[in-house]
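Text of the file input_10.cif, holding mmCIF, C-alpha atoms:
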```cif
data_input
#
loop_
_atom_site.label_atom_id
_atom_site.label_comp_id
_atom_site.auth_asym_id
_atom_site.auth_seq_id
_atom_site.Cartn_x
_atom_site.Cartn_y
_atom_site.Cartn_z
CA MET Q 1 -3.17 -14.80 0.32
CA THR Q 2 -2.34 -13.39 -3.12
CA HIS Q 3 -4.90 -15.68 -4.75
CA GLN Q 4 -7.66 -14.69 -2.33
CA LEU Q 5 -6.89 -10.97 -2.74
CA GLY Q 6 -6.53 -11.24 -6.51
CA ILE Q 7 -2.95 -9.96 -6.49
CA LYS Q 8 -0.60 -10.66 -9.37
CA TYR Q 9 3.02 -11.13 -8.38
CA THR Q 10 6.43 -12.25 -9.52
CA GLU Q 11 8.08 -14.94 -7.42
CA PHE Q 12 11.79 -14.74 -6.68
CA ASN Q 13 13.28 -17.91 -5.18
CA PRO Q 14 16.63 -17.10 -3.51
CA ARG Q 15 17.53 -20.81 -3.37
CA ASP Q 16 18.00 -20.66 -7.13
CA TYR Q 17 20.85 -18.19 -6.50
CA TRP Q 18 22.32 -18.80 -3.06
CA PHE Q 19 21.97 -20.94 0.06
CA TYR Q 20 20.90 -19.60 3.46
CA GLY Q 21 22.95 -16.92 5.20
CA LEU Q 22 23.66 -14.28 2.56
CA ASN Q 23 26.96 -12.65 3.58
CA ALA Q 24 28.55 -9.34 2.59
CA SER Q 25 30.77 -10.76 -0.16
CA LEU Q 26 27.84 -12.47 -1.85
CA VAL Q 27 25.81 -9.29 -1.54
CA ASP Q 28 28.61 -7.38 -3.24
CA TYR Q 29 28.68 -9.93 -6.09
CA TRP Q 30 24.93 -9.90 -6.71
CA ASN Q 31 24.64 -6.12 -6.49
CA HIS Q 32 27.79 -4.98 -8.30
CA LYS Q 33 28.38 -7.85 -10.73
CA ARG Q 34 24.79 -8.87 -11.45
CA ASN Q 35 22.95 -5.63 -10.57
CA LEU Q 36 20.28 -7.47 -8.58
CA GLY Q 37 19.57 -4.69 -6.08
CA GLU Q 38 19.33 -2.10 -8.84
CA PHE Q 39 17.00 -4.40 -10.82
CA PHE Q 40 14.60 -4.74 -7.89
CA CYS Q 41 14.64 -0.99 -7.28
CA ARG Q 42 13.70 -0.10 -10.84
CA THR Q 43 11.23 -2.94 -11.37
CA TYR Q 44 8.94 -3.42 -8.39
CA ASP Q 45 6.53 -1.24 -6.44
CA THR Q 46 6.17 -3.59 -3.44
CA VAL Q 47 8.40 -6.38 -2.19
CA VAL Q 48 7.21 -9.05 0.25
CA VAL Q 49 9.96 -10.98 2.01
CA GLY Q 50 8.52 -14.25 3.26
CA ASP Q 51 10.01 -16.45 5.98
CA THR Q 52 13.78 -15.95 5.55
CA ILE Q 53 14.43 -12.24 6.10
CA THR Q 54 18.18 -12.64 5.52
CA ASP Q 55 17.48 -13.24 1.83
CA SER Q 56 16.59 -9.54 1.50
CA ARG Q 57 20.08 -8.45 2.51
CA PHE Q 58 21.16 -7.69 -1.07
CA LEU Q 59 18.24 -5.30 -1.52
CA LEU Q 60 18.64 -3.60 1.84
CA GLN Q 61 22.36 -3.17 1.21
CA TRP Q 62 21.67 -1.59 -2.18
CA ILE Q 63 19.19 0.86 -0.65
CA ASP Q 64 21.71 1.67 2.08
CA GLU Q 65 24.45 2.35 -0.49
CA ILE Q 66 22.41 4.58 -2.78
CA SER Q 67 21.12 6.58 0.20
CA VAL Q 68 24.62 8.00 0.76
CA SER Q 69 25.63 8.22 -2.90
CA LYS Q 70 26.16 11.47 -4.83
CA ALA Q 71 22.98 10.71 -6.73
CA ALA Q 72 21.03 10.79 -3.47
CA ALA Q 73 21.85 14.46 -2.89
CA THR Q 74 20.69 15.36 -6.40
CA ALA Q 75 17.53 13.26 -6.00
CA GLN Q 76 16.73 15.05 -2.77
CA GLU Q 77 16.92 18.42 -4.52
CA THR Q 78 14.78 17.32 -7.47
CA GLY Q 79 12.33 15.23 -5.47
CA THR Q 80 13.00 12.09 -7.49
CA ARG Q 81 13.26 8.54 -6.18
CA LEU Q 82 16.37 6.44 -6.63
CA CYS Q 83 14.38 3.32 -5.78
CA LYS Q 84 10.90 2.70 -7.24
CA ILE Q 85 9.95 0.38 -4.37
CA LYS Q 86 7.51 2.09 -2.01
CA LYS Q 87 7.38 -0.56 0.69
CA ILE Q 88 9.13 -3.75 1.73
CA LEU Q 89 7.05 -6.11 3.86
CA MET Q 90 9.22 -8.18 6.17
CA MET Q 91 7.11 -11.22 7.14
CA THR Q 92 9.24 -12.71 9.90
CA THR Q 93 8.46 -16.35 10.65
CA ASN Q 94 11.74 -17.97 11.55
CA ARG Q 95 14.26 -15.65 13.27
CA PHE Q 96 15.16 -12.60 11.18
CA ASP Q 97 18.93 -13.24 11.32
CA PHE Q 98 18.77 -16.96 10.53
CA ALA Q 99 22.06 -18.40 9.19
CA ILE Q 100 24.02 -15.16 9.64
CA LYS Q 101 27.37 -15.96 11.22
CA LYS Q 102 27.99 -14.64 14.71
CA ASP Q 103 30.81 -12.25 13.73
CA ASP Q 104 28.62 -10.85 10.93
CA LEU Q 105 25.59 -10.16 13.13
CA PRO Q 106 26.54 -6.59 14.19
CA ASP Q 107 26.91 -5.42 10.57
CA TYR Q 108 23.69 -7.14 9.55
CA HIS Q 109 21.71 -5.74 12.49
CA ASN Q 110 23.05 -2.22 11.89
CA LEU Q 111 22.09 -2.45 8.22
CA LEU Q 112 18.51 -3.31 9.17
CA LYS Q 113 18.36 -0.42 11.62
CA ARG Q 114 19.65 2.10 9.07
CA VAL Q 115 17.33 1.04 6.26
CA THR Q 116 14.28 0.84 8.56
CA ARG Q 117 14.96 4.36 9.85
CA LEU Q 118 15.64 5.58 6.32
CA GLY Q 119 12.14 4.55 5.29
CA ASP Q 120 10.63 6.30 8.32
CA GLN Q 121 12.01 9.72 7.42
CA PRO Q 122 9.47 12.51 6.68
CA GLY Q 123 9.01 12.97 2.95
CA ARG Q 124 10.93 9.73 2.48
CA LYS Q 125 12.40 8.89 -0.89
CA PHE Q 126 13.26 5.33 0.06
CA PRO Q 127 11.14 2.23 0.71
CA LYS Q 128 9.09 1.99 3.88
CA ILE Q 129 10.14 -1.11 5.84
CA ILE Q 130 7.04 -2.73 7.33
CA TRP Q 131 7.89 -5.31 9.97
CA MET Q 132 5.45 -8.19 10.33
CA ALA Q 133 5.49 -11.55 12.08
CA ASN Q 134 3.21 -14.57 12.26
CA ASN Q 135 4.02 -15.26 15.91
CA PRO Q 136 4.80 -13.28 19.09
CA PHE Q 137 8.25 -14.81 19.65
CA ASP Q 138 9.78 -13.42 16.46
CA ILE Q 139 8.57 -9.94 17.39
CA GLN Q 140 10.44 -10.13 20.69
CA TYR Q 141 13.44 -11.71 18.98
CA VAL Q 142 13.77 -8.70 16.65
CA LYS Q 143 13.21 -6.16 19.40
CA VAL Q 144 15.91 -7.70 21.62
CA ALA Q 145 18.40 -7.37 18.75
CA LEU Q 146 17.33 -4.07 17.15
CA GLY Q 147 15.44 -2.23 19.89
CA ASP Q 148 11.88 -1.65 21.08
CA TRP Q 149 11.46 1.18 18.58
CA VAL Q 150 10.81 -1.34 15.78
CA LYS Q 151 7.04 -1.43 15.15
CA PHE Q 152 5.40 -4.75 14.31
CA LYS Q 153 2.16 -6.08 12.90
CA LEU Q 154 1.18 -9.59 14.05
CA ILE Q 155 -0.56 -11.56 11.29
CA ARG Q 156 -1.19 -15.24 11.91
CA SER Q 157 -0.31 -17.95 9.39
CA PHE Q 158 -2.79 -19.03 6.74
CA GLY Q 159 -1.90 -22.67 7.34
CA TYR Q 160 -2.94 -23.91 3.92
CA SER Q 161 -1.47 -27.23 2.83
CA THR Q 162 -1.72 -29.09 -0.47
CA LEU Q 163 0.23 -32.13 0.74
CA PRO Q 164 -1.58 -35.40 -0.01
CA ALA Q 165 -1.65 -38.22 2.52
CA VAL Q 166 1.34 -40.47 1.94
CA GLN Q 167 -0.91 -43.50 2.38
CA LEU Q 168 -3.95 -44.67 4.26
CA LEU Q 169 -2.56 -46.04 7.49
CA PRO Q 170 -3.80 -49.21 9.25
CA LYS Q 171 -6.04 -48.87 12.30
CA HIS Q 172 -3.51 -50.44 14.69
CA VAL Q 173 -1.18 -47.51 13.82
CA THR Q 174 -3.71 -44.67 13.87
CA GLU Q 175 -5.43 -45.74 17.10
CA LEU Q 176 -2.21 -44.69 18.86
CA PRO Q 177 -1.28 -41.00 19.24
CA ALA Q 178 1.27 -39.78 16.71
CA VAL Q 179 4.54 -38.02 17.62
CA TYR Q 180 6.82 -36.35 15.09
CA ASN Q 181 10.54 -36.97 15.63
CA HIS Q 182 12.05 -33.92 13.93
CA TYR Q 183 14.50 -31.87 15.99
CA ASP Q 184 15.01 -33.07 19.55
CA GLU Q 185 11.78 -34.97 20.13
CA SER Q 186 13.56 -38.32 20.58
CA ARG Q 187 14.14 -37.63 24.27
CA PHE Q 188 10.49 -36.75 24.72
CA ILE Q 189 9.48 -39.92 22.90
CA GLY Q 190 11.73 -41.81 25.32
CA TRP Q 191 9.95 -40.11 28.23
CA LEU Q 192 6.57 -41.25 26.89
CA LYS Q 193 7.76 -44.84 26.41
CA ARG Q 194 9.37 -45.01 29.86
CA ASN Q 195 5.97 -44.08 31.22
CA ASP Q 196 4.29 -46.85 29.20
CA ILE Q 197 2.56 -44.56 26.70
CA GLU Q 198 2.62 -46.15 23.26
CA VAL Q 199 2.93 -43.83 20.29
CA SER Q 200 3.35 -44.01 16.54
CA VAL Q 201 6.58 -42.20 15.65
CA LEU Q 202 6.57 -40.17 12.43
CA LYS Q 203 9.66 -38.91 10.63
CA ARG Q 204 10.35 -36.44 7.81
CA ASN Q 205 8.00 -36.57 4.81
CA TYR Q 206 5.23 -38.13 6.88
CA GLY Q 207 2.53 -36.48 4.77
CA GLY Q 208 1.56 -33.41 6.78
CA PRO Q 209 -1.94 -32.74 8.13
CA THR Q 210 -3.72 -35.21 5.84
CA SER Q 211 -1.68 -38.00 7.42
CA LEU Q 212 -2.00 -36.64 10.98
CA SER Q 213 -5.77 -36.38 10.62
CA GLN Q 214 -5.94 -40.18 10.44
CA PHE Q 215 -4.62 -40.49 14.00
CA ARG Q 216 -6.62 -40.43 17.20
CA ALA Q 217 -4.41 -37.56 18.37
CA PHE Q 218 -1.09 -35.84 17.74
CA ILE Q 219 1.27 -35.16 20.66
CA ASP Q 220 3.56 -32.26 19.86
CA PHE Q 221 6.64 -31.09 21.77
CA PRO Q 222 7.51 -27.68 20.27
CA TYR Q 223 11.07 -27.20 19.04
CA GLN Q 224 10.48 -23.56 18.13
CA ALA Q 225 8.04 -20.92 19.33
CA SER Q 226 6.24 -20.57 16.02
CA THR Q 227 4.16 -23.68 15.41
CA MET Q 228 2.95 -22.96 11.87
CA LYS Q 229 1.76 -26.53 11.39
CA MET Q 230 -0.94 -25.85 14.01
CA TYR Q 231 -2.94 -23.85 11.46
CA GLU Q 232 -2.88 -26.41 8.68
CA ASN Q 233 -3.61 -29.10 11.27
CA LEU Q 234 -6.73 -27.16 12.32
CA LEU Q 235 -7.91 -27.10 8.70
CA TYR Q 236 -7.79 -30.89 8.62
CA GLY Q 237 -9.20 -31.39 12.12
CA VAL Q 238 -6.06 -32.76 13.74
CA VAL Q 239 -6.52 -33.22 17.50
CA THR Q 240 -3.33 -31.81 19.07
CA LEU Q 241 -2.01 -32.47 22.58
CA ALA Q 242 0.92 -30.49 23.98
CA PRO Q 243 2.72 -30.26 27.34
CA SER Q 244 2.02 -27.28 29.57
CA LYS Q 245 4.59 -24.55 29.94
CA ARG Q 246 5.44 -25.80 33.43
CA LEU Q 247 5.86 -29.43 32.37
CA PHE Q 248 7.89 -28.63 29.26
CA VAL Q 249 10.25 -26.13 30.87
CA ASN Q 250 10.62 -27.38 34.45
CA ASP Q 251 10.12 -31.14 34.40
CA LEU Q 252 11.21 -32.01 30.85
CA GLU Q 253 13.84 -29.25 30.65
CA GLY Q 254 12.62 -28.44 27.18
CA TYR Q 255 13.86 -25.53 25.09
CA ILE Q 256 13.27 -23.96 21.69
CA ILE Q 257 15.67 -22.87 18.97
CA GLU Q 258 17.32 -19.55 19.94
CA GLY Q 259 15.13 -19.28 23.02
CA ASP Q 260 18.14 -18.19 25.05
CA ARG Q 261 18.19 -14.90 23.07
CA VAL Q 262 14.74 -13.84 24.30
CA PRO Q 263 14.20 -13.41 28.06
CA GLY Q 264 11.04 -15.23 29.08
CA TRP Q 265 10.79 -17.10 25.77
CA GLN Q 266 8.26 -19.44 27.40
CA ASP Q 267 5.67 -16.67 27.25
CA TYR Q 268 5.77 -16.54 23.46
CA VAL Q 269 5.33 -20.20 22.44
CA GLU Q 270 2.11 -20.31 20.41
CA TYR Q 271 0.63 -23.37 22.09
CA TRP Q 272 0.62 -21.46 25.38
CA TYR Q 273 -0.40 -18.09 23.98
CA ASP Q 274 -3.78 -16.73 25.02
CA ASP Q 275 -5.42 -16.62 21.59
CA MET Q 276 -4.43 -20.19 20.69
CA LYS Q 277 -4.90 -22.17 23.91
CA ASP Q 278 -8.46 -23.29 23.08
CA TYR Q 279 -7.30 -25.13 19.96
CA VAL Q 280 -4.80 -27.40 21.75
CA TYR Q 281 -5.31 -29.89 24.59
CA ILE Q 282 -2.69 -29.13 27.25
CA PHE Q 283 -1.50 -31.75 29.77
CA ASP Q 284 0.45 -30.76 32.89
CA THR Q 285 1.62 -34.21 34.07
CA ILE Q 286 2.14 -37.67 32.64
CA GLU Q 287 -0.85 -38.80 34.71
CA GLU Q 288 -3.00 -36.15 33.08
CA LEU Q 289 -1.88 -37.27 29.65
CA ARG Q 290 -2.78 -40.86 30.52
CA GLU Q 291 -6.27 -39.77 31.59
CA ILE Q 292 -6.78 -37.87 28.33
CA LEU Q 293 -5.69 -40.87 26.25
CA LYS Q 294 -7.94 -43.25 28.23
CA LYS Q 295 -11.07 -41.37 27.21
CA PRO Q 296 -13.18 -43.05 24.51
CA GLU Q 297 -13.29 -39.63 22.83
CA ILE Q 298 -10.31 -37.32 23.36
CA ASP Q 299 -11.72 -34.46 21.33
CA THR Q 300 -14.24 -33.02 23.79
CA ARG Q 301 -14.05 -29.58 22.12
CA GLY Q 302 -14.95 -30.90 18.70
CA ILE Q 303 -11.74 -29.79 16.96
CA ARG Q 304 -12.06 -32.60 14.43
CA GLU Q 305 -15.45 -31.29 13.31
CA ARG Q 306 -14.92 -27.56 13.98
CA GLY Q 307 -11.30 -27.28 12.84
CA GLU Q 308 -12.09 -26.11 9.33
CA SER Q 309 -14.51 -23.41 10.53
CA ILE Q 310 -11.94 -22.23 13.11
CA TRP Q 311 -9.31 -22.15 10.38
CA LYS Q 312 -11.61 -20.15 8.09
CA GLU Q 313 -12.17 -17.51 10.78
CA LEU Q 314 -8.42 -17.20 11.48
CA ASN Q 315 -7.83 -17.08 7.72
CA LYS Q 316 -10.39 -14.29 7.37
CA GLN Q 317 -8.67 -12.21 10.06
CA SER Q 318 -5.24 -12.71 8.50
CA LEU Q 319 -6.53 -11.86 5.03
CA SER Q 320 -8.04 -8.61 6.32
CA SER Q 321 -4.74 -7.66 7.99
CA TRP Q 322 -2.76 -8.41 4.83
CA SER Q 323 -5.15 -6.31 2.76
CA LYS Q 324 -4.72 -3.32 5.09
CA VAL Q 325 -0.94 -3.60 5.12
CA LEU Q 326 -0.71 -3.84 1.34
CA LYS Q 327 -2.89 -0.73 0.96
CA GLN Q 328 -1.07 1.48 3.48
#
```

With the file now loaded, output its structure as structure tokens.
Amino acid sequence: MTHQLGIKYTEFNPRDYWFYGLNASLVDYWNHKRNLGEFFCRTYDTVVVGDTITDSRFLLQWIDEISVSKAAATAQETGTRLCKIKKILMMTTNRFDFAIKKDDLPDYHNLLKRVTRLGDQPGRKFPKIIWMANNPFDIQYVKVALGDWVKFKLIRSFGYSTLPAVQLLPKHVTELPAVYNHYDESRFIGWLKRNDIEVSVLKRNYGGPTSLSQFRAFIDFPYQASTMKMYENLLYGVVTLAPSKRLFVNDLEGYIIEGDRVPGWQDYVEYWYDDMKDYVYIFDTIEELREILKKPEIDTRGIRERGESIWKELNKQSLSSWSKVLKQ
């Protein structure tokens, strides 16, 4: 996105400083011993938080603290800003409170509410918090926790991958559909095998879309609502098959990570969402899956040939949305 829009940026990698789940004591250390929050506030005009929203806790806590400081009253009178940052873009892709411990959730949620409202004040002197998500589930996930008043912008993933193929795979492997065994797919793989459907099972570091594109098809059982790999798979023409909502939820008793925190989570899984359904082949029964796999050519919609052009159109829409958000 930054490359296509010609934006220069500084990258901050939180994993160089802390692991997931930034808690209050670590925030206190980084803000009051290392002055990290103050550094961000005097250095940057715009901050984009990508993927792991909890990593921004140090900055949000610093803004919250200075908003009630003695300096804030003086700044209000003089019209000066205590924080140079004009906007913070929260691109939510994987549950905004990921890795925050249960007993710490109320404090964390309240912090987000305060700082978001602070940036919405008329004549604001603090950063505007712009909530964004690349999938519908994360929007609902935030609203259940913080309230419907939180406004969101949905911007789909770019889905660009630079992963090379691990290796060219033999035909007797790629003529079978691939299944990725990542989170809880082993029970679904067992279901396929009990029904005499042979598959090639892939594990971590399988090579991404350039490897999947070698297969006749890819059968995916979603473990979370956001299926970001779908976009990079489109770019490389991966033919994706997925169970219907009914089959996954009722017959297979499937679930997604943190789905129990969003009523009706089934309505927000991307494979079943209205604007994505044409890019995935959905099967409602094991018999229907068998019929699809029996066809000499599974890809009747031409995803293998059209995938890149579909990806480019989605990319164009996302790029336009990013440009508008960055300019507002």

### Query
If we count all atoms listed in the file, what is near range 41-54 of chain Q at a cut-off of 7 Å, once residues fewer than 6 positions away on the same chain are taken out, given as an NGL selection string?
:Q and (21-22 or 83-94 or 96-98)

### Task
On this file, the PyMOL selection byres ((chain Q and resi 59) around 10) gives some set of residues; write that set as a PyMOL selection string.
chain Q and resi 27+30-31+36-41+47+55-58+60-65+88

Nearby residues (only C-alpha atoms) at most 12 Å from Asp251 in chain Q, same-chain spacing under 3 positions excluded, as a CSV table (one decimal) with C-alpha atoms, keeping the file's coordinate frame:
```
chain,number,residue,atom,x,y,z
Q,188,PHE,CA,10.5,-36.8,24.7
Q,191,TRP,CA,10.0,-40.1,28.2
Q,243,PRO,CA,2.7,-30.3,27.3
Q,244,SER,CA,2.0,-27.3,29.6
Q,245,LYS,CA,4.6,-24.6,29.9
Q,246,ARG,CA,5.4,-25.8,33.4
Q,247,LEU,CA,5.9,-29.4,32.4
Q,248,PHE,CA,7.9,-28.6,29.3
Q,254,GLY,CA,12.6,-28.4,27.2
Q,255,TYR,CA,13.9,-25.5,25.1
Q,284,ASP,CA,0.4,-30.8,32.9
Q,285,THR,CA,1.6,-34.2,34.1
Q,286,ILE,CA,2.1,-37.7,32.6
```

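The environment of Gln317 in chain Q within 9 Å, counting all atoms listed in the file and disregarding residues fewer than 4 places along the same chain, consists of Q:Ile155, Q:Arg156, Q:Lys312, Q:Glu313, Q:Ser321, Q:Trp322.
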
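Atom to atom, CA of Val238 in chain Q and CA of Trp265 in chain Q stand 26.0 Å apart.
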
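Nearest residue to Met276 in chain Q among Q:Pro122, Q:Pro136, Q:Gly208, Q:Pro106 is Q:Pro136, counting all atoms listed in the file.
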
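For the pair CA of Glu297 in chain Q and CA of Val201 in chain Q, the interatomic distance is 21.3 Å.
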
### Task
Go ahead and compute the interatomic distance for CA of Lys203 in chain Q and CA of Arg304 in chain Q, in Å to one decimal.
22.9 Å

Report, as AutoDock Vina command-line options, the centre and edge lengths in Å (one decimal) of the axis-aligned box enclosing every listed atom of range 144-155 of chain Q, padded by 4 Å on each side.
```
--center_x 8.9 --center_y -5.2 --center_z 16.5 --size_x 27.0 --size_y 20.7 --size_z 18.3
```

Which residues, named as in the file, does the PyMOL selection byres ((chain Q and resi 281) around 7) pick out? Answer as a CSV table (one decimal) with C-alpha atoms, in the coordinates of the input.
```
chain,number,residue,atom,x,y,z
Q,240,THR,CA,-3.3,-31.8,19.1
Q,241,LEU,CA,-2.0,-32.5,22.6
Q,242,ALA,CA,0.9,-30.5,24.0
Q,279,TYR,CA,-7.3,-25.1,20.0
Q,280,VAL,CA,-4.8,-27.4,21.8
Q,282,ILE,CA,-2.7,-29.1,27.2
Q,283,PHE,CA,-1.5,-31.8,29.8
```

### Query
Which polymer residues have any atom within 7 Å of an atom of Ala225 in chain Q, counting all atoms listed in the file, with same-chain residues fewer than 2 positions away left out, as JSON, numbers by chain?
{"Q": [137, 222, 223, 227, 256, 268, 269, 270]}

### Task
Rank nothing, just name the residue among Q:Pro296, Q:Tyr108, Q:Phe158, Q:Gly264 nearest to Lys316 in chain Q, using only C-alpha atoms.
Q:Phe158

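Comparing Q:Lys125, Q:Arg95, Q:Arg216, Q:Arg194 by their smallest distance to Leu82 in chain Q, the closest is Q:Lys125 (using all atoms listed in the file).
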
### Task
Taking the file as shown, find all residues satisfying the PyMOL selection byres ((chain Q and resi 263) around 12) and write them as a PyMOL selection string.
chain Q and resi 137+140-141+143-145+258-262+264-268

### Message
Under the rule that all atoms listed in the file are counted, which of Q:Tyr180, Q:Leu112, Q:Gln121, Q:Phe218 is the nearest residue to Gly147 in chain Q?
### Response
Q:Leu112
